[in-house]
Amino acid sequence: MKSNPVKSNSLSRRAFLGTTAAGVAVAGLAPGALRAQHKRGGTFRIARGHGQTTDTLNPGTFDNQFMNGLVYAYGGFLTAVAADGSVIPDLAESWEASADAKVWRFKMRPGITFHSGRPVTPEDVVTSINFHRGDDSTSAAKPLLEAIEDISVDGNTVVFTLSAGNADFAFIGSDYHLPILPSKDGTMDWQSGDGAGPYRIVEFKPGVSATVERFENDWNSNRGFFDRIECLAVLDANARITSLVSGDVHAIDKLEPKTVGLMARNASINIHSVAGNQHYTFAMSTNKDPYTDRNIRLALKHAVNREEIVEKILFGYGYVGNDHPIGRGQQFFNSDLAQTPYDPDKAKFYLKQAGVDKLSVELSAADAAYPGAVDAAVLFQNSAKAAGIDLQVNRAPNDGYWSDVWMKEPFSAVYWSGRPVEDSMLTLAYSSGAEWNDTFWDNARFNELLVAARAEIDLDKRRAMYWEMQEILNQDGGVIIPMFANFIFATGPGVVVSDKFASNWDLDGERWWERWSFA
Amino acid sequence: MGKLLRLIGQRLGLGLLTLLVVSVLIFFAVELLPGDLAEAVLGQAATEETVAAMRAQLGLDRPAPVRYLEWLAGAAVGDFGNSLVTGDRVSEAIGERLLNTLMLATYAALIAVPVSIVLGILVALLRNSLFDRVANVLTLTSISSPEFFLGYILILYLSVKTGWFPAIASQTADMSLGDYLYRTFLPALTLVLVVTAHMMRMTRAAIINLLASPYIEMARLKGVYPLKVIVRHALPNAWAPIINVVALNLAYLITGVVLVEVVFVYPGIGQLLVDAVAKRDFPIVQACCLIFAATFILLNLAADVGSILTNPRLRHPK
């Protein structure tokens with residue numbers, strides 16, 4: 001094999017890890033990466049590690065990053081998440097909330113049309129959101145919209161009335177399940193592929209490719225620089241890498257941490273590693289023995305060697321978690337909370353508190369939970385040995401993992417993509433009775449704070465509440481979060497990327513469609 | 001000839017019966033898989049409510065035998081139903097991908113079959129020579145390596161290092177035949193390497209087997225050239241086993257290519273089947289499996305008919 005000399009100006013892996021660990025910031029951009037002005041034109045090709053032949057354009061069923069990304073190209077949304085994580089206007093040009101954050105009024109941007117030329121009306125917003133609500137809805141976004149009591153139209157304003165205040169409600173309008181699509185016969189018409197995003201769909205072949213063209217009447221002239229984008233579903237990691245190296249495509253996502261180091265030797269390729277909110281967890285059912293005992297949970301939390309897992313499973317492309325799902329870059333991340341260390345003696349101490357001297361538990365894992373989950377479980381098994389905990393790893397099949405193992409077995413490995421808003425993440429997975437509360441955790445103080453913080457407009461008061469919630473989770477929660485995993489993607493020569501990557505989703509918050517360009 | 005037609009009729013009838021049995025097996029195998037379509041489609045995002053709503057909408061809450069019989073009633077009149085996940089017609093979902101798979105299989109077969117038979121004749125002629133050894137070692141090495149590994153090696157040397165061929169065989173709508181042959185050369189070559197050894201060695205063995213026969217000895221004593229001995233005298237009697245192994249390998253080219261599809265990102269039927277199984281999309285799984293089963297049945301039948309036609313003793317039985 002021809003060996004490429006390591007570029008003298010590229011970052012060493014260590015230095016690289018240091019920068020990525022520093023937070024949401026962009027890291028790993030070799031100095032050769034282009035930061036020039038965006039130029040218009042060209043056909044951009046990208047190979048993505050997701051996409052199935054069973055995909056459809058029904059936004060209620062989006063469950064992989066191919067579709068979650070594509071919808072930001074062709075679909076217009078009420079709001080959008082900016083690169084810095086704040087919520088910005090999209091189809092709604094402005095909005096206001098009532099003092100108790102229960103009534104939200106979104107004023108629609110005038111003169112916007114769908115790709116077909118039909119104007120976007122407030123009624124389209126109502127049908128698009130109502131598509132996910134109601135008893136016979138099969139949409140994955142249904143729980144997200146549960147708090148909505150009523151949606152009405154007032155001139156060119158859409159009014160949402162909630163059953164309880166939610167200061168972050170504007171963020172929900174940017175969720176990938178909720179594009180505003182044209183309505184037909186009183187319901188949302190997703191079949192046509194029409195939308196109000198910066199790109200129009202030319203061809204969509206499920207599990208193979210999607211081709212889009214710039215929408216010439218896009219309301220925002222400051223985005224959408226490529227004329228045409230071809231997005232390919234390339235599930236095989238090696239195929240993605242070779243297609244980038246051989247110049248077949250301009251960008252790829254989902255690089256495997258273990259091969260990133262080798263790829264970095266190729267001087268013409270820029271590797272981007274972005275610390276985001278996606279995290280990998282071990283969930284204990286707090287309603288089943290022995291996990292009902294807080295001391296047992298604390299013992300297990302002290303028995304996992306987080307640094308080792310980040311080093312060996314993520315190869316350093318990530319950072320350790322502290323048993324709450326809030327990422328380091330998020331607004332209300334509790335920076336004062338002490339990190340739970342790997343401490344076998346302390347684990348033994350908590351075991352003694354619980355009145356047992358030998359603990360035997362079974363942890364179910366499969367790579368379907370997240371890549372490397374089984375290996376992470378084995379590392380946990382080893383580190384737990386020193387604490388006198390006999391942790392058996394039950395390797396579950398990938399197929400059917402989410403229906404048969406997750407939330408069924410009392411202790412299992414889980415993947416969470418994270419949410420830009422603290423409230424969504426905490427509500428989805430940790431509020432009492434939530435459908436996805438995979439630890440079956442029910443903490444009165446936490447639930448009370450969650451509802452109060454949601455409706456609280458005062459920033460300092462909110463921060464104090466979210467900080468306390470993180471502490472409660474850290475001390476009492478049923479979840480062990482050993483690691484937050486970076487998003488790793490790569491671009492070929494001649495691609496201009498953003499100065500600062502968004503961290504809410506992979507690939508620049510899935511806004512690469514409109515933010516990147518050719519040099 | 002009448003007997004041959006009767007045989008074909010009988011075998012096709014048996015084939016239909018086999019397909020029926022296969023369809024029952026597939027249906028219940030899919031039923032046995034953990035989780036159902038609603039849970040698989042909604043995945044991690046499933047809630048009890050949405051799963052129940054989806055089951056009711058798709059009729060999955062009815063008993064399994066009822067659903068099977070409904071499907072069978074449709075299939076009997078040529079209606080294989082709609083994909084449960086996307087709602088597309090099964091024929092639509094499968095059509096283009098099946099065509100892709102058949103095209104790739106044909107491409108590979110058109111190279112592999114002549115090459116391996118000619119090679120087989122040559123190594124039989126030059127048996128135990130250096131050429132024979134080298135050809136054997138190379139083809140056996142390629143058949144012994146997993147396809148994805150062969151694919152990666154070809155990509156490394158013919159694409160990444162030299163840039164001669166594209167690493168992924170992605171398709172575009174307005175592709176010319178020349179473009180197609182160029183873009184899919186590497187996957188086709190991988191398949192050729194995988195199937196060549198089997199056919200070549202069977203050709204060699206069948207011919208060498210015959211070379212000890214008295215009539216070959218007679219031909220040799222007459223002073224016939226060795227190549228002519230093999231092509232004119234030995235080969236006609238060796239066709240039966242060769243045709244059989246060719247048929248088996250052709251079936252493999254259609255049914256066994258999922259790894260090659262994944263490595264080269266070729267949109268064939270294999271990936272469709274894998275995705276459909278993962279989502280428990282029964283109509284698609286069923287249709288794909290029946291296509292595979294029918295391929296085997298038809299190619300086996302073709303092999304038998306072929307060996308009868310090439311054997312005068314079977315063609316004109318006393």
# chains A, B, ... in the order shown; residues from 1 in each chain; ligands from 1
$ interface_residues --of "chain B" --to "chain A" --cutoff "7 Å" --atoms "only C-alpha atoms" --output "MDAnalysis selection string"
chainID B and resid 34:35 39:40 42:47 50:51 53:54 85:86 159:160 163 166:168 262:265 267 272 275:276 278
$ residues_around --residues "stretch 154-156 of chain A" --least-positions-apart "4" --cutoff "12 Å" --atoms "only C-alpha atoms" --output "list in words"
Leu91, Ala92, Glu93, Ser94, Trp95, Trp104, Arg105, Phe106, Lys107, Met108, Arg109, Pro110, Gly111, Ile112, Val120, Thr121, Pro122, Glu123, Asp124, Val125, Val126 and Phe160 of chain A
$ write_last_selection --atoms "N, CA and C atoms" --output "PDB file, in the first residue's frame"
ATOM      1  N   LEU A  91     -41.014  29.143   7.713  1.00  0.00           N
ATOM      2  CA  LEU A  91     -42.248  29.569   7.041  1.00  0.00           C
ATOM      3  C   LEU A  91     -43.021  30.560   7.898  1.00  0.00           C
ATOM      4  N   ALA A  92     -42.874  30.447   9.198  1.00  0.00           N
ATOM      5  CA  ALA A  92     -43.463  31.459  10.081  1.00  0.00           C
ATOM      6  C   ALA A  92     -42.430  32.564  10.220  1.00  0.00           C
ATOM      7  N   GLU A  93     -42.817  33.817   9.936  1.00  0.00           N
ATOM      8  CA  GLU A  93     -41.793  34.871   9.987  1.00  0.00           C
ATOM      9  C   GLU A  93     -41.607  35.382  11.400  1.00  0.00           C
ATOM     10  N   SER A  94     -42.609  35.180  12.244  1.00  0.00           N
ATOM     11  CA  SER A  94     -42.447  35.577  13.643  1.00  0.00           C
ATOM     12  C   SER A  94     -43.481  34.839  14.474  1.00  0.00           C
ATOM     13  N   TRP A  95     -43.291  34.855  15.789  1.00  0.00           N
ATOM     14  CA  TRP A  95     -44.272  34.222  16.662  1.00  0.00           C
ATOM     15  C   TRP A  95     -44.234  34.881  18.023  1.00  0.00           C
ATOM     16  N   TRP A 104     -49.781  30.034  21.568  1.00  0.00           N
ATOM     17  CA  TRP A 104     -48.702  30.434  20.667  1.00  0.00           C
ATOM     18  C   TRP A 104     -49.282  30.877  19.338  1.00  0.00           C
ATOM     19  N   ARG A 105     -48.870  32.071  18.892  1.00  0.00           N
ATOM     20  CA  ARG A 105     -49.365  32.596  17.622  1.00  0.00           C
ATOM     21  C   ARG A 105     -48.216  32.694  16.631  1.00  0.00           C
ATOM     22  N   PHE A 106     -48.299  31.925  15.531  1.00  0.00           N
ATOM     23  CA  PHE A 106     -47.255  31.942  14.492  1.00  0.00           C
ATOM     24  C   PHE A 106     -47.766  32.726  13.292  1.00  0.00           C
ATOM     25  N   LYS A 107     -47.077  33.828  12.954  1.00  0.00           N
ATOM     26  CA  LYS A 107     -47.480  34.641  11.822  1.00  0.00           C
ATOM     27  C   LYS A 107     -46.773  34.115  10.579  1.00  0.00           C
ATOM     28  N   MET A 108     -47.563  33.742   9.571  1.00  0.00           N
ATOM     29  CA  MET A 108     -46.983  33.128   8.374  1.00  0.00           C
ATOM     30  C   MET A 108     -46.327  34.174   7.485  1.00  0.00           C
ATOM     31  N   ARG A 109     -45.198  33.780   6.892  1.00  0.00           N
ATOM     32  CA  ARG A 109     -44.495  34.644   5.954  1.00  0.00           C
ATOM     33  C   ARG A 109     -45.357  34.795   4.700  1.00  0.00           C
ATOM     34  N   PRO A 110     -45.617  36.014   4.249  1.00  0.00           N
ATOM     35  CA  PRO A 110     -46.505  36.176   3.088  1.00  0.00           C
ATOM     36  C   PRO A 110     -45.798  35.802   1.784  1.00  0.00           C
ATOM     37  N   GLY A 111     -46.585  35.395   0.801  1.00  0.00           N
ATOM     38  CA  GLY A 111     -46.068  35.203  -0.553  1.00  0.00           C
ATOM     39  C   GLY A 111     -45.253  33.944  -0.776  1.00  0.00           C
ATOM     40  N   ILE A 112     -45.332  32.993   0.131  1.00  0.00           N
ATOM     41  CA  ILE A 112     -44.562  31.761  -0.058  1.00  0.00           C
ATOM     42  C   ILE A 112     -45.388  30.744  -0.842  1.00  0.00           C
ATOM     43  N   VAL A 120     -48.652  28.767   0.130  1.00  0.00           N
ATOM     44  CA  VAL A 120     -48.710  28.107   1.437  1.00  0.00           C
ATOM     45  C   VAL A 120     -49.685  28.882   2.312  1.00  0.00           C
ATOM     46  N   THR A 121     -50.740  28.233   2.774  1.00  0.00           N
ATOM     47  CA  THR A 121     -51.749  28.920   3.582  1.00  0.00           C
ATOM     48  C   THR A 121     -51.692  28.438   5.027  1.00  0.00           C
ATOM     49  N   PRO A 122     -52.248  29.242   5.934  1.00  0.00           N
ATOM     50  CA  PRO A 122     -52.307  28.804   7.338  1.00  0.00           C
ATOM     51  C   PRO A 122     -53.080  27.481   7.478  1.00  0.00           C
ATOM     52  N   GLU A 123     -54.048  27.265   6.561  1.00  0.00           N
ATOM     53  CA  GLU A 123     -54.821  26.015   6.638  1.00  0.00           C
ATOM     54  C   GLU A 123     -53.911  24.810   6.385  1.00  0.00           C
ATOM     55  N   ASP A 124     -52.909  24.992   5.497  1.00  0.00           N
ATOM     56  CA  ASP A 124     -51.973  23.891   5.256  1.00  0.00           C
ATOM     57  C   ASP A 124     -51.226  23.533   6.537  1.00  0.00           C
ATOM     58  N   VAL A 125     -50.919  24.558   7.333  1.00  0.00           N
ATOM     59  CA  VAL A 125     -50.234  24.298   8.602  1.00  0.00           C
ATOM     60  C   VAL A 125     -51.131  23.447   9.495  1.00  0.00           C
ATOM     61  N   VAL A 126     -52.410  23.826   9.554  1.00  0.00           N
ATOM     62  CA  VAL A 126     -53.330  23.094  10.426  1.00  0.00           C
ATOM     63  C   VAL A 126     -53.439  21.633   9.995  1.00  0.00           C
ATOM     64  N   PHE A 160     -51.874  28.111  18.258  1.00  0.00           N
ATOM     65  CA  PHE A 160     -51.830  26.824  18.963  1.00  0.00           C
ATOM     66  C   PHE A 160     -52.205  27.061  20.416  1.00  0.00           C
TER      67      PHE A 160
END
$ select_by_dssp --residues "stretch 139-251 of chain A" --states "helix (DSSP H, G or I)" --output "ChimeraX atom specification"
/A:142-145,169-172,237-245
$ write_last_selection --atoms "N, CA and C atoms" --output "mmCIF file, in the first residue's frame"
data_model
loop_
_atom_site.group_PDB
_atom_site.id
_atom_site.type_symbol
_atom_site.label_atom_id
_atom_site.label_comp_id
_atom_site.auth_asym_id
_atom_site.auth_seq_id
_atom_site.Cartn_x
_atom_site.Cartn_y
_atom_site.Cartn_z
ATOM 1 N N LYS A 142 -46.667 11.733 17.237
ATOM 2 C CA LYS A 142 -47.890 11.902 18.028
ATOM 3 C C LYS A 142 -47.614 12.319 19.484
ATOM 4 N N PRO A 143 -46.700 11.644 20.185
ATOM 5 C CA PRO A 143 -46.465 12.036 21.575
ATOM 6 C C PRO A 143 -45.934 13.466 21.717
ATOM 7 N N LEU A 144 -45.241 13.921 20.661
ATOM 8 C CA LEU A 144 -44.651 15.258 20.695
ATOM 9 C C LEU A 144 -45.729 16.339 20.749
ATOM 10 N N LEU A 145 -46.887 16.016 20.138
ATOM 11 C CA LEU A 145 -47.933 17.022 19.963
ATOM 12 C C LEU A 145 -49.080 16.837 20.945
ATOM 13 N N PHE A 169 -41.956 25.752 22.822
ATOM 14 C CA PHE A 169 -42.855 25.186 21.816
ATOM 15 C C PHE A 169 -42.411 25.505 20.393
ATOM 16 N N ALA A 170 -41.778 26.668 20.200
ATOM 17 C CA ALA A 170 -41.369 27.056 18.844
ATOM 18 C C ALA A 170 -40.389 26.043 18.251
ATOM 19 N N PHE A 171 -39.611 25.364 19.113
ATOM 20 C CA PHE A 171 -38.665 24.362 18.620
ATOM 21 C C PHE A 171 -39.384 23.182 17.963
ATOM 22 N N ILE A 172 -40.566 22.851 18.481
ATOM 23 C CA ILE A 172 -41.285 21.684 17.961
ATOM 24 C C ILE A 172 -41.584 21.866 16.475
ATOM 25 N N ALA A 237 -20.054 0.725 4.997
ATOM 26 C CA ALA A 237 -19.119 1.782 5.385
ATOM 27 C C ALA A 237 -17.921 1.843 4.443
ATOM 28 N N ASN A 238 -17.426 0.686 4.008
ATOM 29 C CA ASN A 238 -16.279 0.689 3.101
ATOM 30 C C ASN A 238 -16.641 1.276 1.743
ATOM 31 N N ALA A 239 -17.848 0.971 1.283
ATOM 32 C CA ALA A 239 -18.286 1.509 -0.003
ATOM 33 C C ALA A 239 -18.364 3.028 0.069
ATOM 34 N N ARG A 240 -18.805 3.547 1.219
ATOM 35 C CA ARG A 240 -18.871 5.007 1.357
ATOM 36 C C ARG A 240 -17.468 5.606 1.271
ATOM 37 N N ILE A 241 -16.550 4.985 2.000
ATOM 38 C CA ILE A 241 -15.192 5.530 2.026
ATOM 39 C C ILE A 241 -14.573 5.483 0.630
ATOM 40 N N THR A 242 -14.681 4.328 -0.050
ATOM 41 C CA THR A 242 -14.040 4.237 -1.363
ATOM 42 C C THR A 242 -14.705 5.181 -2.354
ATOM 43 N N SER A 243 -16.012 5.381 -2.218
ATOM 44 C CA SER A 243 -16.647 6.280 -3.177
ATOM 45 C C SER A 243 -16.165 7.711 -2.975
ATOM 46 N N LEU A 244 -15.827 8.074 -1.748
ATOM 47 C CA LEU A 244 -15.296 9.432 -1.515
ATOM 48 C C LEU A 244 -13.850 9.513 -1.995
ATOM 49 N N VAL A 245 -13.058 8.489 -1.660
ATOM 50 C CA VAL A 245 -11.641 8.506 -2.026
ATOM 51 C C VAL A 245 -11.479 8.503 -3.548
#
$ residues_around --residues "stretch 336-347 of chain A" --least-positions-apart "5" --cutoff "9 Å" --atoms "only C-alpha atoms" --output "compact mmCIF listing (two decimals) with all heavy atoms, in the first residue's frame"
# COMPACT_ATOMS: atom_id res chain seq x y z
N ASN A 295 -29.55 2.43 45.68
CA ASN A 295 -28.15 2.10 45.96
C ASN A 295 -27.57 1.15 44.91
O ASN A 295 -26.41 1.25 44.55
CB ASN A 295 -28.03 1.47 47.35
CG ASN A 295 -28.23 2.50 48.43
OD1 ASN A 295 -27.57 3.55 48.43
ND2 ASN A 295 -29.18 2.25 49.32
N ILE A 296 -28.40 0.23 44.43
CA ILE A 296 -27.95 -0.69 43.38
C ILE A 296 -27.63 0.12 42.12
O ILE A 296 -26.62 -0.09 41.46
CB ILE A 296 -29.05 -1.73 43.07
CG1 ILE A 296 -29.32 -2.60 44.29
CG2 ILE A 296 -28.68 -2.57 41.86
CD1 ILE A 296 -28.25 -3.62 44.58
N LEU A 298 -26.79 3.25 41.94
CA LEU A 298 -25.57 4.03 42.15
C LEU A 298 -24.34 3.13 42.07
O LEU A 298 -23.29 3.53 41.56
CB LEU A 298 -25.64 4.74 43.50
CG LEU A 298 -26.41 6.06 43.47
CD1 LEU A 298 -26.63 6.58 44.89
CD2 LEU A 298 -25.68 7.11 42.63
N ALA A 299 -24.47 1.92 42.58
CA ALA A 299 -23.33 0.98 42.52
C ALA A 299 -22.96 0.73 41.08
O ALA A 299 -21.78 0.78 40.70
CB ALA A 299 -23.69 -0.32 43.23
N LEU A 300 -23.96 0.47 40.24
CA LEU A 300 -23.68 0.19 38.82
C LEU A 300 -23.12 1.44 38.12
O LEU A 300 -22.25 1.34 37.26
CB LEU A 300 -24.96 -0.29 38.12
CG LEU A 300 -25.30 -1.75 38.44
CD1 LEU A 300 -26.74 -2.07 38.09
CD2 LEU A 300 -24.36 -2.70 37.71
N LYS A 301 -23.61 2.61 38.51
CA LYS A 301 -23.10 3.84 37.90
C LYS A 301 -21.62 4.04 38.22
O LYS A 301 -20.88 4.61 37.42
CB LYS A 301 -23.91 5.06 38.38
CG LYS A 301 -25.29 5.17 37.74
CD LYS A 301 -26.07 6.32 38.34
CE LYS A 301 -27.47 6.39 37.76
NZ LYS A 301 -28.29 7.44 38.39
N HIS A 302 -21.21 3.59 39.40
CA HIS A 302 -19.80 3.74 39.78
C HIS A 302 -18.94 2.59 39.28
O HIS A 302 -17.73 2.60 39.44
CB HIS A 302 -19.66 3.86 41.31
CG HIS A 302 -20.03 5.22 41.82
ND1 HIS A 302 -21.31 5.53 42.24
CD2 HIS A 302 -19.31 6.37 41.93
CE1 HIS A 302 -21.35 6.79 42.61
NE2 HIS A 302 -20.15 7.34 42.43
N ALA A 303 -19.59 1.57 38.70
CA ALA A 303 -18.84 0.37 38.28
C ALA A 303 -18.50 0.40 36.80
O ALA A 303 -17.93 -0.54 36.28
CB ALA A 303 -19.65 -0.88 38.61
N VAL A 304 -18.86 1.48 36.11
CA VAL A 304 -18.56 1.53 34.68
C VAL A 304 -17.41 2.51 34.45
O VAL A 304 -17.39 3.62 34.98
CB VAL A 304 -19.83 1.93 33.86
CG1 VAL A 304 -20.43 3.23 34.34
CG2 VAL A 304 -19.51 2.00 32.39
N ASN A 305 -16.43 2.03 33.67
CA ASN A 305 -15.27 2.85 33.38
C ASN A 305 -15.53 3.65 32.11
O ASN A 305 -15.30 3.19 31.00
CB ASN A 305 -14.03 1.97 33.23
CG ASN A 305 -12.76 2.79 33.14
OD1 ASN A 305 -12.80 3.98 32.82
ND2 ASN A 305 -11.63 2.16 33.42
N ARG A 306 -16.03 4.88 32.30
CA ARG A 306 -16.50 5.68 31.16
C ARG A 306 -15.36 6.07 30.22
O ARG A 306 -15.51 6.03 29.00
CB ARG A 306 -17.20 6.94 31.68
CG ARG A 306 -18.47 6.61 32.44
CD ARG A 306 -18.82 7.71 33.43
NE ARG A 306 -19.64 7.16 34.50
CZ ARG A 306 -20.96 7.33 34.57
NH1 ARG A 306 -21.58 8.04 33.69
NH2 ARG A 306 -21.64 6.78 35.55
N GLU A 307 -14.23 6.49 30.81
CA GLU A 307 -13.10 6.91 29.96
C GLU A 307 -12.68 5.77 29.03
O GLU A 307 -12.42 5.97 27.85
CB GLU A 307 -11.90 7.34 30.80
CG GLU A 307 -11.97 8.78 31.27
CD GLU A 307 -12.86 8.94 32.49
OE1 GLU A 307 -13.21 7.90 33.11
OE2 GLU A 307 -13.24 10.09 32.82
N VAL A 320 -17.36 11.62 27.81
CA VAL A 320 -18.07 10.83 28.81
C VAL A 320 -19.37 11.51 29.23
O VAL A 320 -19.47 12.74 29.23
CB VAL A 320 -17.21 10.58 30.08
CG1 VAL A 320 -16.00 9.74 29.74
CG2 VAL A 320 -16.80 11.89 30.71
N GLY A 321 -20.35 10.69 29.56
CA GLY A 321 -21.63 11.22 30.01
C GLY A 321 -21.72 11.13 31.51
O GLY A 321 -20.96 10.41 32.17
N ASN A 322 -22.67 11.87 32.05
CA ASN A 322 -22.80 11.92 33.51
C ASN A 322 -24.20 11.50 33.94
O ASN A 322 -24.79 12.08 34.84
CB ASN A 322 -22.45 13.34 34.00
CG ASN A 322 -22.05 13.36 35.45
OD1 ASN A 322 -21.83 12.31 36.05
ND2 ASN A 322 -21.97 14.55 36.02
N ASP A 323 -24.76 10.53 33.23
CA ASP A 323 -26.04 9.92 33.58
C ASP A 323 -27.24 10.86 33.50
O ASP A 323 -28.25 10.67 34.18
CB ASP A 323 -25.97 9.24 34.96
CG ASP A 323 -24.85 8.22 35.01
OD1 ASP A 323 -24.50 7.70 33.94
OD2 ASP A 323 -24.33 7.95 36.10
N LYS A 352 -23.20 -2.47 49.78
CA LYS A 352 -23.36 -2.75 51.20
C LYS A 352 -24.58 -2.01 51.73
O LYS A 352 -25.37 -2.55 52.49
CB LYS A 352 -22.09 -2.34 51.95
CG LYS A 352 -21.93 -3.11 53.26
CD LYS A 352 -20.61 -2.81 53.93
CE LYS A 352 -19.45 -3.64 53.41
NZ LYS A 352 -18.14 -3.14 53.87
N SER A 383 -15.15 -4.02 34.02
CA SER A 383 -14.91 -3.01 35.04
C SER A 383 -15.76 -3.29 36.28
O SER A 383 -15.38 -2.96 37.40
CB SER A 383 -15.20 -1.60 34.48
OG SER A 383 -16.55 -1.49 34.11
N ALA A 384 -16.92 -3.93 36.07
CA ALA A 384 -17.81 -4.20 37.21
C ALA A 384 -17.26 -5.31 38.10
O ALA A 384 -17.59 -5.39 39.28
CB ALA A 384 -19.21 -4.55 36.71
N LYS A 385 -16.43 -6.18 37.50
CA LYS A 385 -15.85 -7.30 38.25
C LYS A 385 -15.12 -6.80 39.49
O LYS A 385 -15.26 -7.36 40.57
CB LYS A 385 -14.90 -8.07 37.34
CG LYS A 385 -15.24 -9.56 37.25
CD LYS A 385 -14.28 -10.26 36.30
CE LYS A 385 -15.04 -10.85 35.12
NZ LYS A 385 -14.18 -11.14 33.98
N ALA A 386 -14.36 -5.73 39.31
CA ALA A 386 -13.56 -5.19 40.41
C ALA A 386 -14.44 -4.73 41.56
O ALA A 386 -14.00 -4.66 42.71
CB ALA A 386 -12.71 -4.02 39.90
N ALA A 387 -15.69 -4.41 41.26
CA ALA A 387 -16.61 -3.95 42.30
C ALA A 387 -17.41 -5.11 42.88
O ALA A 387 -18.34 -4.91 43.66
CB ALA A 387 -17.54 -2.90 41.73
N GLY A 388 -17.05 -6.33 42.49
CA GLY A 388 -17.76 -7.49 43.00
C GLY A 388 -19.13 -7.67 42.36
O GLY A 388 -20.01 -8.31 42.93
N ILE A 389 -19.31 -7.07 41.19
CA ILE A 389 -20.59 -7.23 40.50
C ILE A 389 -20.41 -8.21 39.35
O ILE A 389 -19.52 -8.05 38.52
CB ILE A 389 -21.10 -5.88 39.94
CG1 ILE A 389 -21.32 -4.91 41.10
CG2 ILE A 389 -22.38 -6.07 39.15
CD1 ILE A 389 -21.64 -3.50 40.66
N TRP A 467 -30.79 22.52 36.03
CA TRP A 467 -29.59 22.03 36.72
C TRP A 467 -29.98 21.03 37.80
O TRP A 467 -29.36 19.99 37.97
CB TRP A 467 -28.81 23.21 37.33
CG TRP A 467 -27.95 23.89 36.31
CD1 TRP A 467 -28.26 24.08 35.00
CD2 TRP A 467 -26.64 24.43 36.49
NE1 TRP A 467 -27.23 24.71 34.36
CE2 TRP A 467 -26.22 24.95 35.25
CE3 TRP A 467 -25.78 24.55 37.59
CZ2 TRP A 467 -24.98 25.57 35.07
CZ3 TRP A 467 -24.55 25.16 37.42
CH2 TRP A 467 -24.15 25.67 36.16
N GLN A 470 -30.90 17.66 36.31
CA GLN A 470 -29.75 16.86 35.92
C GLN A 470 -29.12 16.19 37.13
O GLN A 470 -28.68 15.05 37.08
CB GLN A 470 -28.71 17.73 35.19
CG GLN A 470 -29.19 18.15 33.81
CD GLN A 470 -28.34 19.26 33.20
OE1 GLN A 470 -27.14 19.14 33.10
NE2 GLN A 470 -28.99 20.33 32.79
N GLU A 471 -29.13 16.94 38.24
CA GLU A 471 -28.55 16.36 39.46
C GLU A 471 -29.40 15.20 39.96
O GLU A 471 -28.87 14.16 40.37
CB GLU A 471 -28.44 17.46 40.51
CG GLU A 471 -27.51 17.10 41.63
CD GLU A 471 -27.41 18.24 42.64
OE1 GLU A 471 -27.56 19.42 42.24
OE2 GLU A 471 -27.20 17.94 43.82
N ASN A 474 -28.73 12.24 37.83
CA ASN A 474 -27.41 11.72 38.13
C ASN A 474 -27.41 10.89 39.41
O ASN A 474 -26.77 9.84 39.49
CB ASN A 474 -26.43 12.91 38.24
CG ASN A 474 -25.07 12.48 38.73
OD1 ASN A 474 -24.86 12.36 39.93
ND2 ASN A 474 -24.16 12.25 37.81
$ residues_around --residues "A:Ala373" --least-positions-apart "3" --cutoff "10 Å" --atoms "only C-alpha atoms" --output "ChimeraX atom specification"
/A:280-282,313,364-370,376-379,395,412-415
$ atom_distance --atom1 "atom CA of A:Ile129" --atom2 "atom CA of A:Leu78"
10.3 Å
$ closest_residue --among "A:Thr427, A:Ser360, A:Ser174, A:Asn130" --to "A:Asp150" --atoms "only C-alpha atoms"
A:Asn130
$ atom_distance --atom1 "atom CA of B:Asp61" --atom2 "atom CA of B:Leu37"
11.0 Å
$ decode --residues "stretch 216-231 of chain B" --atoms "C-alpha atoms" --output "JSON list (two decimals), in the first residue's frame"
[["chain", "number", "residue", "atom", "x", "y", "z"],
["B", 216, "ILE", "CA", -11.11, -41.92, -26.65],
["B", 217, "GLU", "CA", -8.17, -44.27, -26.78],
["B", 218, "MET", "CA", -9.37, -45.41, -30.20],
["B", 219, "ALA", "CA", -9.55, -41.81, -31.38],
["B", 220, "ARG", "CA", -6.09, -41.16, -30.10],
["B", 221, "LEU", "CA", -4.73, -44.27, -31.79],
["B", 222, "LYS", "CA", -6.25, -43.03, -35.04],
["B", 223, "GLY", "CA", -3.94, -40.04, -34.64],
["B", 224, "VAL", "CA", -6.51, -37.33, -33.85],
["B", 225, "TYR", "CA", -5.03, -34.16, -32.36],
["B", 226, "PRO", "CA", -5.48, -33.90, -28.55],
["B", 227, "LEU", "CA", -7.62, -30.73, -28.75],
["B", 228, "LYS", "CA", -9.86, -32.37, -31.33],
["B", 229, "VAL", "CA", -10.13, -35.49, -29.18],
["B", 230, "ILE", "CA", -11.46, -33.37, -26.36],
["B", 231, "VAL", "CA", -13.73, -31.04, -28.31]]
